[in-house]
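Colleague: Below you will find the structure I want to go over with you.
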Amino acid sequence: MTASPAFERLAIVGIGLIGSSLARAVRAEGLARTIVCADANADHAARAKAIGIVDEATTDPAEAAAGADLVMLCVPIGAYADVARTIGPALKPGAIVTDVGSVKQAVIDAVAPHLPEGVHLVPGHPVAGTEKSGPDAGFAALFPGRWCILTPVPGADEGATRKVADLWRACGMTVERMDPGHHDRVLAITSHLPHLIAYTIVGTATDLEEHLRQEVIKYSASGFRDFTRIAGSDPTMWRDVFLNNREAVLDCLQRFTEDLTALQRSIRRGEGDALFDLFTRTREIRKGVLDARQA
Ligand SMILES: NC(=O)C1=CN([C@@H]2O[C@H](COP(=O)(O)OP(=O)(O)OC[C@H]3O[C@@H](n4cnc5c(N)ncnc54)[C@H](O)[C@@H]3O)[C@@H](O)[C@H]2O)C=CC1
Ligand SMILES: O=C(O)C(=O)Cc1ccc(O)cc1
């Protein structure tokens with residue numbers, strides 16, 4: 001006898017990179033009897049249905065959420081409040097609303113006020129992605145071996161939190177719980193600031209005089225190429241990340257700017273030892289990151 005799926009009806013709102021990756025993983029693992037998606041972009045909804053990663057597709061989030069036991073929000077963070085307001089009245093008692101957003105406190109603030117009594121909110125963040133967007137960019141292998149951070153609010157339903165954790169574990173992720181504010185500070189330095197730096201460096205290179213710009217593209221060494229990959233990430237998604245994690249990002253940026261100024265001074269003064277010491281420390285950190293990946 002095969003085990004029954006963990007969820008009867010999974011509604012994915014936003015069937016882009018992350019939503020479609022989840023749909024594929026849930027299908028592959030048989031975790032939901034029915035997968036429904038809603039996407040404001042009718043082409044994305046239709047595409048998800050056409051490639052067979054969902055059973056039903058609509059442009060109306062309330063239609064998808066009606067009767068769902070699990071609703072996964074996979075839209076840019078700026079759209080959360082509107083989506084939550086729309087689905088709130090359609091949610092059945094006991095339904096779980098969860099998400100994949102890259103910022104957590106702002107998501108709680110945007111969604112919680114619109115959920116009726118008896119509906120459980122379990123905010124989450126699969127820390128896995130790429131610079132690509134849309135339903136064709138997703139793949140089930142995105143999740144295995146990566147972290148998923150859940151940030152349940154105090155008093156959250158333990159059973160609901162456990163069901164969401166089990167879903168991500170079944171997709172191959174390692175699940176951790178964290179306070180939402182702490183999550184936002186950690187991600188500000190490990191993910192948001194690196195994206196901001198990439199956007200800046202590629203922007204600076206593009207603003208160079210025309211003849212220099214051509215050379216930048218032509219001789220693009222791997223360092224710059226890596227930055228262009230990250231700077232090719234979705235503009236809507238990243239605009240929303242920065243607007244919704246303002247304090248933590250600005251705090252990191254302040255420290256970063258101070259450290260950059262110190263480095264600038266070392267270069268100007270010819271302080272080779274200071275440069276060498278920093279680069280030696282950062283090389284050790286890189287080794288630690290690689291070792292952690294292989295562990
Ligand atoms: N891209 C990445 O690497 C990662 C992204 N995330 C988070 O996942 C969420 C989604 O990001 P992606 O999948 O990368 O973006 P995406 O752009 O590939 O997909 C977003 C989808 O939401 C749809 N959408 C936008 N507004 C909507 C609305 N009001 N109602 C219904 N559908 C709407 C879009 O049409 C699109 O299909 C974001 O909140 C992001 O912070 C989390 C981890 C990694
Ligand atoms: O493509 C990359 O390098 C990423 O960093 C992907 C990514 C983007 C946003 C997240 O919240 C988590 C992962």
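Chain labels run A, B, ... following the order of the structure tokens; each chain numbers its residues from 1, and ligands are numbered from 1 in the order shown.
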Please give me, as a PyMOL selection string, the residues lying within 8 Å of ligand 2 when counting only C-alpha atoms and all ligand atoms.
Modeller: chain A and resi 101-103+125-132+187+191-192+195+229-230+233
Colleague: List all protein, DNA and RNA residues that have any atom at most 8 Å from ligand 1, counting only C-alpha atoms and all ligand atoms, and write the list as a compact mmCIF listing (two decimals) with N, CA and C atoms, in the first residue's frame.
Modeller:
# COMPACT_ATOMS: atom_id res chain seq x y z
N VAL A 13 1.04 30.16 -4.98
CA VAL A 13 0.74 31.48 -5.55
C VAL A 13 2.05 32.08 -6.04
N GLY A 14 2.18 32.23 -7.37
CA GLY A 14 3.43 32.68 -7.98
C GLY A 14 4.20 31.46 -8.47
N ILE A 15 4.06 31.16 -9.77
CA ILE A 15 4.68 29.92 -10.28
C ILE A 15 5.94 30.27 -11.09
N GLY A 16 6.84 31.04 -10.45
CA GLY A 16 8.10 31.43 -11.08
C GLY A 16 9.19 30.43 -10.74
N LEU A 17 10.41 30.93 -10.60
CA LEU A 17 11.56 30.04 -10.32
C LEU A 17 11.31 29.15 -9.11
N ILE A 18 10.97 29.77 -7.96
CA ILE A 18 10.86 28.99 -6.73
C ILE A 18 9.54 28.20 -6.71
N GLY A 19 8.43 28.85 -7.07
CA GLY A 19 7.14 28.15 -7.08
C GLY A 19 7.16 26.93 -7.99
N SER A 20 7.75 27.08 -9.18
CA SER A 20 7.76 25.95 -10.12
C SER A 20 8.76 24.89 -9.70
N ALA A 38 -1.64 29.80 -8.88
CA ALA A 38 -2.21 31.07 -9.32
C ALA A 38 -1.05 31.99 -9.65
N ASP A 39 -1.15 32.66 -10.79
CA ASP A 39 -0.10 33.62 -11.12
C ASP A 39 -0.74 34.81 -11.83
N ALA A 40 -0.35 36.02 -11.44
CA ALA A 40 -0.91 37.23 -12.02
C ALA A 40 -0.59 37.30 -13.52
N ASN A 41 0.51 36.67 -13.90
CA ASN A 41 0.88 36.60 -15.31
C ASN A 41 0.20 35.37 -15.93
N ALA A 42 -0.82 35.62 -16.78
CA ALA A 42 -1.61 34.51 -17.33
C ALA A 42 -0.73 33.55 -18.14
N HIS A 44 2.36 32.69 -17.45
CA HIS A 44 3.06 31.80 -16.51
C HIS A 44 2.11 30.71 -16.00
N ALA A 45 0.87 31.10 -15.68
CA ALA A 45 -0.11 30.12 -15.20
C ALA A 45 -0.35 29.06 -16.29
N THR A 59 -5.45 32.73 -12.68
CA THR A 59 -4.80 34.00 -12.35
C THR A 59 -5.35 34.55 -11.03
N ASP A 60 -6.30 33.84 -10.43
CA ASP A 60 -6.96 34.33 -9.22
C ASP A 60 -6.46 33.57 -7.98
N PRO A 61 -5.67 34.23 -7.11
CA PRO A 61 -5.13 33.54 -5.93
C PRO A 61 -6.23 32.98 -5.02
N LEU A 73 3.13 30.90 -0.62
CA LEU A 73 3.29 32.17 -1.34
C LEU A 73 4.69 32.24 -1.94
N CYS A 74 4.76 32.37 -3.27
CA CYS A 74 6.05 32.41 -3.97
C CYS A 74 6.10 33.62 -4.90
N VAL A 75 5.58 34.74 -4.42
CA VAL A 75 5.57 35.99 -5.21
C VAL A 75 6.61 36.94 -4.65
N PRO A 76 6.97 38.00 -5.39
CA PRO A 76 7.89 39.00 -4.83
C PRO A 76 7.28 39.60 -3.55
N ILE A 77 8.12 39.99 -2.60
CA ILE A 77 7.63 40.38 -1.28
C ILE A 77 6.66 41.57 -1.33
N ALA A 79 4.30 42.01 -3.20
CA ALA A 79 2.95 41.57 -3.57
C ALA A 79 2.25 40.80 -2.44
N TYR A 80 2.97 40.53 -1.34
CA TYR A 80 2.43 39.68 -0.27
C TYR A 80 1.13 40.22 0.32
N ASP A 82 -1.19 42.27 -0.80
CA ASP A 82 -2.33 42.18 -1.73
C ASP A 82 -2.82 40.74 -1.85
N VAL A 83 -1.86 39.82 -2.00
CA VAL A 83 -2.24 38.41 -2.15
C VAL A 83 -2.92 37.92 -0.88
N ASP A 99 5.44 30.47 3.11
CA ASP A 99 6.01 31.24 2.00
C ASP A 99 7.48 30.92 1.83
N VAL A 100 8.08 31.57 0.81
CA VAL A 100 9.49 31.32 0.50
C VAL A 100 10.30 32.62 0.48
N GLY A 101 9.72 33.71 0.94
CA GLY A 101 10.33 35.04 0.79
C GLY A 101 11.71 35.17 1.42
N SER A 102 12.54 36.00 0.80
CA SER A 102 13.93 36.17 1.23
C SER A 102 14.06 37.06 2.47
N VAL A 103 12.97 37.72 2.88
CA VAL A 103 12.94 38.55 4.09
C VAL A 103 11.79 38.01 4.94
N HIS A 125 11.89 30.20 4.41
CA HIS A 125 12.80 30.68 3.37
C HIS A 125 13.74 29.55 2.94
N PRO A 126 13.45 28.93 1.79
CA PRO A 126 14.43 27.97 1.26
C PRO A 126 15.62 28.77 0.74
N VAL A 127 16.78 28.59 1.36
CA VAL A 127 17.94 29.41 0.96
C VAL A 127 18.63 28.73 -0.22
N ALA A 128 17.97 28.81 -1.35
CA ALA A 128 18.46 28.18 -2.58
C ALA A 128 17.82 28.91 -3.73
N GLY A 129 18.58 29.21 -4.74
CA GLY A 129 17.99 29.91 -5.88
C GLY A 129 19.02 30.13 -6.98
N THR A 130 18.59 30.86 -7.98
CA THR A 130 19.48 31.23 -9.08
C THR A 130 19.11 32.65 -9.50
N GLU A 131 19.76 33.14 -10.54
CA GLU A 131 19.47 34.48 -11.04
C GLU A 131 18.32 34.47 -12.04
N LYS A 132 17.76 33.29 -12.31
CA LYS A 132 16.73 33.18 -13.36
C LYS A 132 15.32 33.33 -12.78
N SER A 133 14.34 33.52 -13.67
CA SER A 133 12.95 33.73 -13.23
C SER A 133 11.99 32.94 -14.12
N GLY A 134 10.77 32.77 -13.60
CA GLY A 134 9.70 32.20 -14.42
C GLY A 134 9.57 30.69 -14.31
N PRO A 135 8.45 30.14 -14.79
CA PRO A 135 8.16 28.71 -14.61
C PRO A 135 9.11 27.77 -15.33
N ALA A 137 12.30 28.20 -15.56
CA ALA A 137 13.62 28.25 -14.92
C ALA A 137 13.74 27.29 -13.74
N SER A 233 19.97 39.09 -11.69
CA SER A 233 18.80 38.59 -10.93
C SER A 233 17.60 39.50 -11.12
N ASP A 234 16.43 38.97 -10.79
CA ASP A 234 15.16 39.65 -11.07
C ASP A 234 15.05 41.02 -10.39
N THR A 236 12.45 43.08 -9.89
CA THR A 236 11.30 43.26 -8.98
C THR A 236 11.58 42.59 -7.65
N MET A 237 12.02 41.34 -7.72
CA MET A 237 12.28 40.59 -6.49
C MET A 237 13.29 41.33 -5.62
N TRP A 238 14.38 41.81 -6.22
CA TRP A 238 15.45 42.42 -5.42
C TRP A 238 15.11 43.83 -4.96
N ASP A 240 12.19 44.59 -4.00
CA ASP A 240 11.35 44.31 -2.83
C ASP A 240 12.17 43.83 -1.62
N VAL A 241 13.23 43.06 -1.88
CA VAL A 241 14.07 42.60 -0.77
C VAL A 241 14.68 43.82 -0.06
Colleague: Could you check which of A:Val289, A:Ile96, A:Val26, A:Ala106 is closest to Thr161 in chain A, using only C-alpha atoms?
Modeller: A:Ile96
Colleague: Would you mind listing what lies within 8 Å of Trp168 in chain A as number ranges by chain, with only C-alpha atoms counted and same-chain residues fewer than 6 positions away left out?
Modeller: A: 148, 174-175
Colleague: Have a look at CA of Thr98 in chain A and CA of Leu70 in chain A and let me know their distance in Å, one decimal.
Modeller: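 Those two atoms sit 7.5 Å apart.
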Colleague: If you count only C-alpha atoms, which residues fall within 6 Å of range 107-119 of chain A, apart from same-chain ones fewer than 3 positions away, as a list of chain:residue names?
Modeller: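 These residues fall inside the cut-off: A:Ala81, A:Ala84, A:Arg85, A:Gly88, A:Pro93, A:Gly94, A:Ala95, A:Ile96, A:Lys104.
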